[in-house]
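Report on the structure given below.
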Amino acid sequence: MEIVKKTVLFLLLSTVIIITGCKRKETQPTQSGFKLNIPQGFPMPKIPEENFPTAEKVKLGRKLFYDPQLSQAKTISCASCHITEHGMADTVRFSIGDKGQIGKRNAPSLSNVVYQTELFWDGANPSLEKQILAVMLNHDEFDIEITEVENRIRADESYQQLFKDAFNGVINITTITQAIASFERTLLSGNSKYDKYLRGQATFTESEMNGMKLFFDEKGECFHCHSGFNFTDFKYHNTGLDSVTTDEGRYRTTGIEEDKGKFKTPTLRNIALTAPYMHDGRFKTLEEVIEHYNKGGKNHPYKDGDIFPLNLTPQQKQDIINFLKTLTDEEFINNPDFKKPNY
Ligand code: HEC
Ligand code: HEC
């Protein structure tokens with residue numbers, strides 16, 4: 001029985017792959033017919049079966065993403081800490097909650113977040129849908145009860161038609177989180193100068209070129225962790241930020257001693273716009289980040305073997321920074337579909 005099921009599933013999947021394989025990469029259809037704008041050269045992301053994005057869900061989720069009613073004091077929305085112009089990250093070291101609370105970590109970029117299967121700097125959260133619940137319940141963020149969120153949205157006339165279109169009028173925490181997650185899945189960034197360079201549509205300066213070489217070779221070592229289309233291995237590393245652990249990082253989830261001080265490798269897409277840097281926003285500039293790597297970090301028993309003094313010249317440091325700046329995607333930050341809606 002099990003084997004029959006698996007065979008059927010395999011055949012179905014193969015058909016989907018064959019059919020979609022013939023289409024243009026950017027317009028891969030999802031089950032509901034909605035097309036995620038997958039950039040050229042990016043893989044198909046995994047999307048939970050129970051929540052395929054539709055145009056209606058995305059439209060609704062976009063409004064919710066910008067709605068301060070989701071926070072208890074009605075002062076902040078998701079967009080307060082994930083700012084489009086800043087690559088969907090925050091500009092302050094620790095984000096400010098709905099009543100002025102100070103958070104404990106730096107808000108990461110949501111560029112290409114659809115590819116993240118373990119959320120937060122320590123990967124403690126398993127899905128975009130669940131992550132939204134965490135924001136609501138977090139005392140440093142929305143600090144609100146779920147029933148209160150549902151009541152507020154049900155009472156808001158401007159949402160009635162949007163929920164009818166997206167979820168047959170069902171307004172509850174499941175549909176609210178599904179809609180926001182659907183909007184987040186559309187936040188794709190793959191048209192930076194670097195992408196255009198790869199496609200032969202842009203040329204690099206000598207400095208950008210040298211920076212790219214340093215980034216991708218054993219001298220800079222960056223690519224060991226910041227690898228692939230999204231400049232992350234989606235794994236956890238201790239980069240020697242502290243000799244005495246201040247934030248236990250990945251250890252909080254796994255309880256494994258060696259995971260102390262390990263954090264998820266962040267994407268470097270739109271990195272020039274997302275200062276300050278690191279899980280606690282300790283570095284104000286890319287110069288400070290490069291200086292940290294150049295020194296090889298501080299000694300820590302679990303520091304990654306790929307973090308050691310690099311002996312870069314001032315010019316080489318500048319070259320790496322210039323290369324990182326090519327990862328800025330103007331189309332992404334100016335995309336009208338990602339901005340605060342007027343409906
Ligand atoms: C008060 C500021 C603040 C608000 C409001 C906020 N976030 Fe965040 N967000 C953060 C911080 C800080 C983190 C990192 C938390 C951690 O790693 O422990 C984060 C992490 C995330 C992540 C994980 C990204 C990754 O790659 O791991 C997602 C997704 C996210 N937020 C989406 C949202 C959504 C959707 C909303 C609205 C429902 C929202 N955030 C509201 C500050 C905020
Ligand atoms: C051993 C793996 C590893 C190597 C090698 C590495 N990084 Fe990182 N990088 C990380 C991790 C993990 C973080 C997050 C660390 C934290 O916040 O505690 C990070 C953070 C960053 C950040 C800040 C991102 C943000 O959103 O705050 C930048 C910029 C960066 N790295 C660039 C580089 C460059 C440039 C190199 C090469 C000189 C490099 N990295 C080498 C793993 C690595």
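Just remember, in the structure tokens the first chain shown is A, the second B, etc., residues are 1-based per chain, and ligands are 1-based in the order shown.
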**Request:** List all protein, DNA and RNA residues that have at least one atom no more than 6 Å from any atom of ligand 2, counting only C-alpha atoms and all ligand atoms, and write them as a VMD selection string.
**Result:** chain A and resid 108 215 220 to 222 224 to 225 236 to 237 239 263 to 266 277 to 279 286 289 to 290 293 304 306 to 307
Selection from above, C-alpha atoms, as a CSV table (one decimal), in the first residue's frame, can you write it?
```csv
chain,number,residue,atom,x,y,z
A,108,PRO,CA,17.1,40.3,9.9
A,215,PHE,CA,34.9,36.6,-1.5
A,220,GLY,CA,38.5,35.6,2.0
A,221,GLU,CA,36.8,32.4,2.9
A,222,CYS,CA,33.4,34.1,2.8
A,224,HIS,CA,32.2,28.7,2.7
A,225,CYS,CA,29.3,29.9,4.7
A,236,TYR,CA,24.8,27.7,12.0
A,237,HIS,CA,28.3,28.9,12.9
A,239,THR,CA,32.1,33.4,14.1
A,263,PHE,CA,23.9,31.7,14.6
A,264,LYS,CA,22.3,31.1,11.2
A,265,THR,CA,24.4,32.4,8.3
A,266,PRO,CA,22.4,35.4,7.1
A,277,TYR,CA,25.0,44.0,11.4
A,278,MET,CA,25.1,40.6,13.2
A,279,HIS,CA,22.5,39.0,15.4
A,286,LEU,CA,30.3,46.9,6.6
A,289,VAL,CA,32.2,43.6,9.8
A,290,ILE,CA,35.2,43.1,7.5
A,293,TYR,CA,36.7,38.8,9.9
A,304,ASP,CA,34.4,27.9,13.2
A,306,ASP,CA,37.0,29.0,8.7
A,307,ILE,CA,37.3,32.1,10.9
```
**Prompt:** Could you list, as a list in words, all the residues within 6 Å of ligand 1, counting only C-alpha atoms and all ligand atoms?
**Reply:**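 My answer, listing the contacting residues, is Phe65, Ile76, Ser77, Cys78, Ser80, Cys81, Ser95, Ile96, Gly97, Arg105, Asn106, Ala107, Pro108, Leu110, Val113, Gln116, Leu119, Phe120, Trp121, Leu128, Ile132, Val135 and Glu141 of chain A.
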**Message:** Residues within 6 Å of region 191-198 of chain A, please, as a list in words. Count only C-alpha atoms; anything in the same chain fewer than 5 positions from it doesn't count.
**Reply:** Thr203, Thr326, Leu327, Thr328 and Asp329 of chain A
Per residue of region 67-133 of chain A within 9 Å of region 45-51 of chain A, what are the shortest atom pair and its distance in Å to one decimal, counting only C-alpha atoms, with rows by chain and residue number, as a Markdown table?
```
| residue | atom | partner | partner_atom | distance |
| --- | --- | --- | --- | --- |
| A:Val114 | CA | A:Pro45 | CA | 6.5 |
| A:Tyr115 | CA | A:Pro45 | CA | 5.6 |
| A:Gln116 | CA | A:Pro45 | CA | 9.0 |
| A:Thr117 | CA | A:Lys46 | CA | 8.4 |
| A:Ser127 | CA | A:Pro48 | CA | 9.0 |
```
Skipping near chain neighbours, those fewer than 6 positions away, what residues fall within 12 Å of Arg152 (chain A) using only C-alpha atoms, listed as a compact mmCIF listing (two decimals) with C-alpha atoms, in the first residue's frame?
```
# COMPACT_ATOMS: atom_id res chain seq x y z
CA LEU A 64 -1.93 42.94 7.33
CA ASP A 67 -1.38 47.10 9.89
CA PRO A 68 -0.52 48.44 13.38
CA GLN A 69 -3.81 47.00 14.72
CA LEU A 70 -1.91 43.73 15.07
CA SER A 71 0.10 45.19 17.94
CA GLN A 72 -1.54 45.62 21.31
CA LYS A 74 -1.70 49.76 17.80
CA ILE A 144 -1.11 40.84 22.04
CA GLU A 145 -3.53 37.96 22.61
CA ILE A 146 -4.57 35.97 19.57
CA SER A 158 -11.96 47.29 5.23
CA TYR A 159 -11.01 43.61 5.59
CA GLN A 160 -14.39 41.98 4.83
CA ILE A 171 -11.34 35.41 9.58
CA ASN A 172 -9.28 33.65 12.23
CA ILE A 173 -5.67 33.35 13.28
CA ILE A 176 -4.51 35.84 9.14
```
**Message:** If DSSP is run on the backbone, what residues of region 112-189 of chain A are alpha helix (DSSP H)? A reply as a PyMOL selection string would be ideal.
**Reply:** chain A and resi 128-137+146-155+160-167+173-185
**Complete:** Restricting to only C-alpha atoms, whichever of A:Ala79, A:Leu60, A:Ala202, A:Val244 is closest to Gln161 (chain A) is A:Leu60
